[in-house]
$ cat work.txt   # compact mmCIF, C-alpha atoms
# COMPACT_ATOMS: atom_id res chain seq x y z
CA PRO A 1 28.11 -73.20 106.79
CA ALA A 2 29.84 -73.86 110.15
CA GLN A 3 29.54 -77.61 109.59
CA ASP A 4 30.98 -77.22 106.07
CA SER A 5 33.91 -75.22 107.45
CA ALA A 6 34.58 -77.91 110.04
CA GLN A 7 34.42 -80.65 107.41
CA LEU A 8 36.74 -78.69 105.11
CA ALA A 9 39.23 -78.18 107.96
CA ALA A 10 39.10 -81.89 108.76
CA LEU A 11 39.67 -82.81 105.10
CA ARG A 12 42.64 -80.43 104.86
CA SER A 13 44.10 -81.97 108.00
CA ASP A 14 43.61 -85.46 106.55
CA ILE A 15 45.34 -84.45 103.31
CA ALA A 16 48.29 -82.98 105.21
CA SER A 17 48.56 -86.16 107.28
CA LEU A 18 48.41 -88.34 104.16
CA ARG A 19 51.10 -86.26 102.46
CA ALA A 20 53.36 -86.55 105.50
CA GLU A 21 52.75 -90.30 105.71
CA LEU A 22 53.45 -90.79 101.99
CA ASP A 23 56.64 -88.73 102.27
CA SER A 24 57.83 -90.74 105.26
CA VAL A 25 57.19 -94.02 103.44
CA ARG A 26 59.02 -92.80 100.35
CA ASN A 27 61.90 -91.42 102.40
CA THR A 28 62.49 -94.60 104.37
CA THR A 29 65.60 -96.36 103.16
CA PRO A 30 65.77 -100.12 103.55
CA LYS A 31 67.74 -101.36 106.54
CA THR A 32 69.18 -104.24 104.54
CA THR A 33 71.09 -103.85 101.32
CA THR A 34 70.38 -105.75 98.18
CA PRO A 35 72.69 -106.25 95.23
CA ALA A 36 70.84 -103.46 93.40
CA THR A 37 71.68 -100.91 96.09
CA THR A 38 75.29 -101.95 96.46
CA SER A 39 76.13 -101.62 92.79
CA THR A 40 79.08 -99.38 92.04
CA THR A 41 78.26 -98.27 88.53
CA PRO A 42 79.40 -94.69 87.86
CA ARG A 43 75.83 -93.39 87.63
CA GLN A 44 74.86 -94.80 91.00
CA GLN A 45 77.92 -94.13 93.11
CA SER A 46 80.29 -91.20 93.07
CA ALA A 47 82.76 -90.35 95.84
CA GLY A 48 80.96 -92.58 98.32
CA PHE A 49 77.47 -91.42 97.33
CA ASP A 50 75.02 -94.19 96.50
CA ALA A 51 72.25 -92.62 94.42
CA ALA A 52 70.26 -95.85 94.38
CA SER A 53 69.69 -95.57 98.12
CA PHE A 54 68.61 -91.92 97.96
CA PRO A 55 64.88 -91.67 98.77
CA VAL A 56 62.31 -90.24 96.40
CA VAL A 57 61.44 -86.67 97.37
CA SER A 58 57.91 -85.67 96.40
CA VAL A 59 56.63 -82.11 96.23
CA TYR A 60 52.90 -81.49 95.99
CA PHE A 61 50.94 -78.92 94.00
CA GLY A 62 47.45 -77.54 94.38
CA LEU A 63 44.66 -78.34 91.96
CA GLY A 64 45.57 -76.88 88.57
CA SER A 65 48.63 -75.17 90.05
CA SER A 66 52.21 -75.20 88.84
CA THR A 67 53.72 -73.33 91.79
CA LEU A 68 54.81 -74.61 95.20
CA SER A 69 54.37 -73.38 98.73
CA ALA A 70 57.44 -72.56 100.83
CA ARG A 71 56.76 -75.72 102.84
CA GLU A 72 57.13 -77.82 99.70
CA THR A 73 60.27 -76.06 98.44
CA ASP A 74 61.90 -76.71 101.83
CA LYS A 75 62.01 -80.36 100.75
CA PHE A 76 64.67 -79.51 98.12
CA SER A 77 67.46 -79.24 100.68
CA PRO A 78 68.46 -82.95 100.75
CA VAL A 79 68.31 -83.06 96.95
CA VAL A 80 70.66 -80.11 96.66
CA THR A 81 73.07 -81.65 99.17
CA ALA A 82 72.98 -84.98 97.33
CA SER A 83 73.60 -83.31 93.96
CA GLN A 84 76.63 -81.53 95.42
CA ARG A 85 78.00 -84.84 96.71
CA ASN A 86 77.28 -86.61 93.43
CA LYS A 87 78.54 -84.16 90.77
CA ASN A 88 78.64 -86.90 88.10
CA GLY A 89 75.07 -87.97 88.78
CA SER A 90 71.82 -86.41 87.75
CA ILE A 91 68.45 -85.49 89.19
CA LEU A 92 65.38 -86.96 87.52
CA LEU A 93 62.07 -85.09 87.77
CA THR A 94 58.86 -87.01 87.10
CA GLY A 95 55.61 -85.06 87.05
CA PHE A 96 52.21 -86.51 87.88
CA THR A 97 48.62 -85.33 87.62
CA ASP A 98 45.33 -86.79 88.69
CA PRO A 99 43.12 -88.26 85.94
CA VAL A 100 40.39 -85.60 86.14
CA GLY A 101 39.96 -83.50 83.02
CA ASN A 102 41.58 -83.46 79.61
CA ALA A 103 44.61 -85.78 79.28
CA ALA A 104 46.56 -83.36 77.04
CA VAL A 105 46.01 -80.49 79.48
CA ASN A 106 47.05 -82.71 82.38
CA LYS A 107 50.26 -83.77 80.62
CA ALA A 108 51.09 -80.16 79.83
CA LEU A 109 50.49 -79.26 83.49
CA ALA A 110 52.82 -82.07 84.62
CA VAL A 111 55.54 -80.75 82.30
CA LYS A 112 54.99 -77.21 83.57
CA ARG A 113 55.36 -78.47 87.16
CA MET A 114 58.60 -80.30 86.33
CA ASN A 115 60.00 -77.17 84.65
CA TYR A 116 59.00 -75.10 87.69
CA VAL A 117 60.91 -77.47 90.00
CA LYS A 118 63.91 -77.41 87.67
CA ASN A 119 63.85 -73.61 87.58
CA ILE A 120 63.89 -73.40 91.38
CA LEU A 121 66.75 -75.91 91.63
CA VAL A 122 68.78 -73.97 89.06
CA THR A 123 68.04 -70.37 90.09
CA ARG A 124 67.66 -70.62 93.86
CA TYR A 125 69.92 -73.55 94.68
CA ARG A 126 72.47 -73.23 91.82
CA VAL A 127 72.15 -76.85 90.69
CA PRO A 128 73.64 -77.05 87.17
CA ALA A 129 70.81 -77.26 84.61
CA ASN A 130 72.59 -80.06 82.73
CA GLN A 131 72.41 -82.18 85.90
CA ILE A 132 68.58 -82.11 85.89
CA LEU A 133 66.60 -84.46 83.66
CA ILE A 134 62.91 -84.01 82.84
CA GLY A 135 61.05 -87.33 82.71
CA GLU A 136 57.88 -88.27 80.92
CA PRO A 137 54.75 -86.84 82.53
CA GLU A 138 52.41 -89.39 84.05
CA ILE A 139 48.68 -89.32 84.64
CA SER A 140 47.67 -91.34 87.67
CA ARG A 141 45.69 -94.47 87.15
CA SER A 142 44.33 -94.34 90.70
CA GLY A 143 40.77 -93.99 89.49
CA ARG A 144 38.66 -91.27 87.95
CA LYS A 145 38.59 -89.06 91.05
CA ALA A 146 40.79 -86.12 91.97
CA ASN A 147 43.52 -87.15 94.37
CA PRO A 148 45.83 -84.49 95.87
CA LEU A 149 48.62 -87.08 96.18
CA ASP A 150 48.66 -87.43 92.39
CA ARG A 151 49.46 -83.74 91.87
CA ARG A 152 53.20 -83.96 92.44
CA VAL A 153 56.71 -84.05 91.09
CA ASP A 154 58.96 -86.87 92.27
CA ILE A 155 62.65 -86.08 92.53
CA THR A 156 65.11 -88.97 92.34
CA MET A 157 68.89 -89.20 92.09
CA GLN A 158 70.50 -91.14 89.27
$ encode --input "work.txt" --output "structure tokens"
Amino acid sequence: PAQDSAQLAALRSDIASLRAELDSVRNTTPKTTTPATTSTTPRQQSAGFDAASFPVVSVYFGLGSSTLSARETDKFSPVVTASQRNKNGSILLTGFTDPVGNAAVNKALAVKRMNYVKNILVTRYRVPANQILIGEPEISRSGRKANPLDRRVDITMQ
């Protein structure tokens, strides 16, 4: 039992480290610009805001869960600021699940997670509902094992 507790604590620490590492990789903007990031189409740039260079913000859910911890909802702050600076743009939510279990149930869970994120953005942060788009749910193809990094919603600016 003590060894199991130690192993569980180590695994939780590893998961937290992996989440932080994945977030930092996703939130790193390129130091050089490419033609795609310097485009000035109305959807990508509004009042000096370049949505194409905005990093993906990922929030992670527990196994089978469609609610977030306070730590995860704290990640919404840059999204809210960006949406205020880019009033003509939109926020795209893409929900993911791991491949374990029934595909239809997993897709429904991904949709429920996206709607949960949208609800928080609208009710707590006053982001206009018509500015938030719900994408197609995706089931990870990372293998047949449960992966905590697959249980997420990605938030991107458009």
$ closest_residue --input "work.txt" --among "A:Val57, A:Ile132, A:Leu93, A:Ala82" --to "Met114 in chain A" --atoms "all atoms listed in the file"
A:Leu93
$ residues_around --input "work.txt" --residues "Val80 in chain A" --least-positions-apart "5" --cutoff "9 Å" --atoms "only C-alpha atoms" --output "PyMOL selection string"
chain A and resi 85+121+125-127
$ closest_residue --input "work.txt" --among "A:Gly135, A:Pro55, A:Pro128, A:Gly62" --to "Thr97 in chain A" --atoms "all atoms listed in the file"
A:Gly62
$ closest_residue --input "work.txt" --among "A:Ser53, A:Thr94, A:Ser77, A:Ser66" --to "Asp154 in chain A" --atoms "all atoms listed in the file"
A:Thr94
$ atom_distance --input "work.txt" --atom1 "CA of Tyr116 in chain A" --atom2 "CA of Thr67 in chain A"
6.9 Å
$ residues_near_point --input "work.txt" --point "(49.2, -85.0, 86.9)" --cutoff "10 Å" --atoms "all atoms listed in the file" --output "PyMOL selection string"
chain A and resi 61+63-64+94-100+103+105-111+113+137-140+146-153
$ closest_residue --input "work.txt" --among "A:Ser65, A:Asn115, A:Ser58, A:Asn102" --to "Ala129 in chain A" --atoms "all atoms listed in the file"
A:Asn115
$ atom_distance --input "work.txt" --atom1 "CA of Gln84 in chain A" --atom2 "CA of Met157 in chain A"
11.4 Å
$ atom_distance --input "work.txt" --atom1 "CA of Pro78 in chain A" --atom2 "CA of Val59 in chain A"
12.7 Å
$ closest_residue --input "work.txt" --among "A:Ile91, A:Val56, A:Val79, A:Leu68" --to "Lys112 in chain A" --atoms "only C-alpha atoms"
A:Leu68
$ residues_around --input "work.txt" --residues "Asn130 in chain A" --least-positions-apart "6" --cutoff "12 Å" --atoms "only C-alpha atoms" --output "MDAnalysis selection string"
chainID A and resid 83 87:92 118:119 121:122
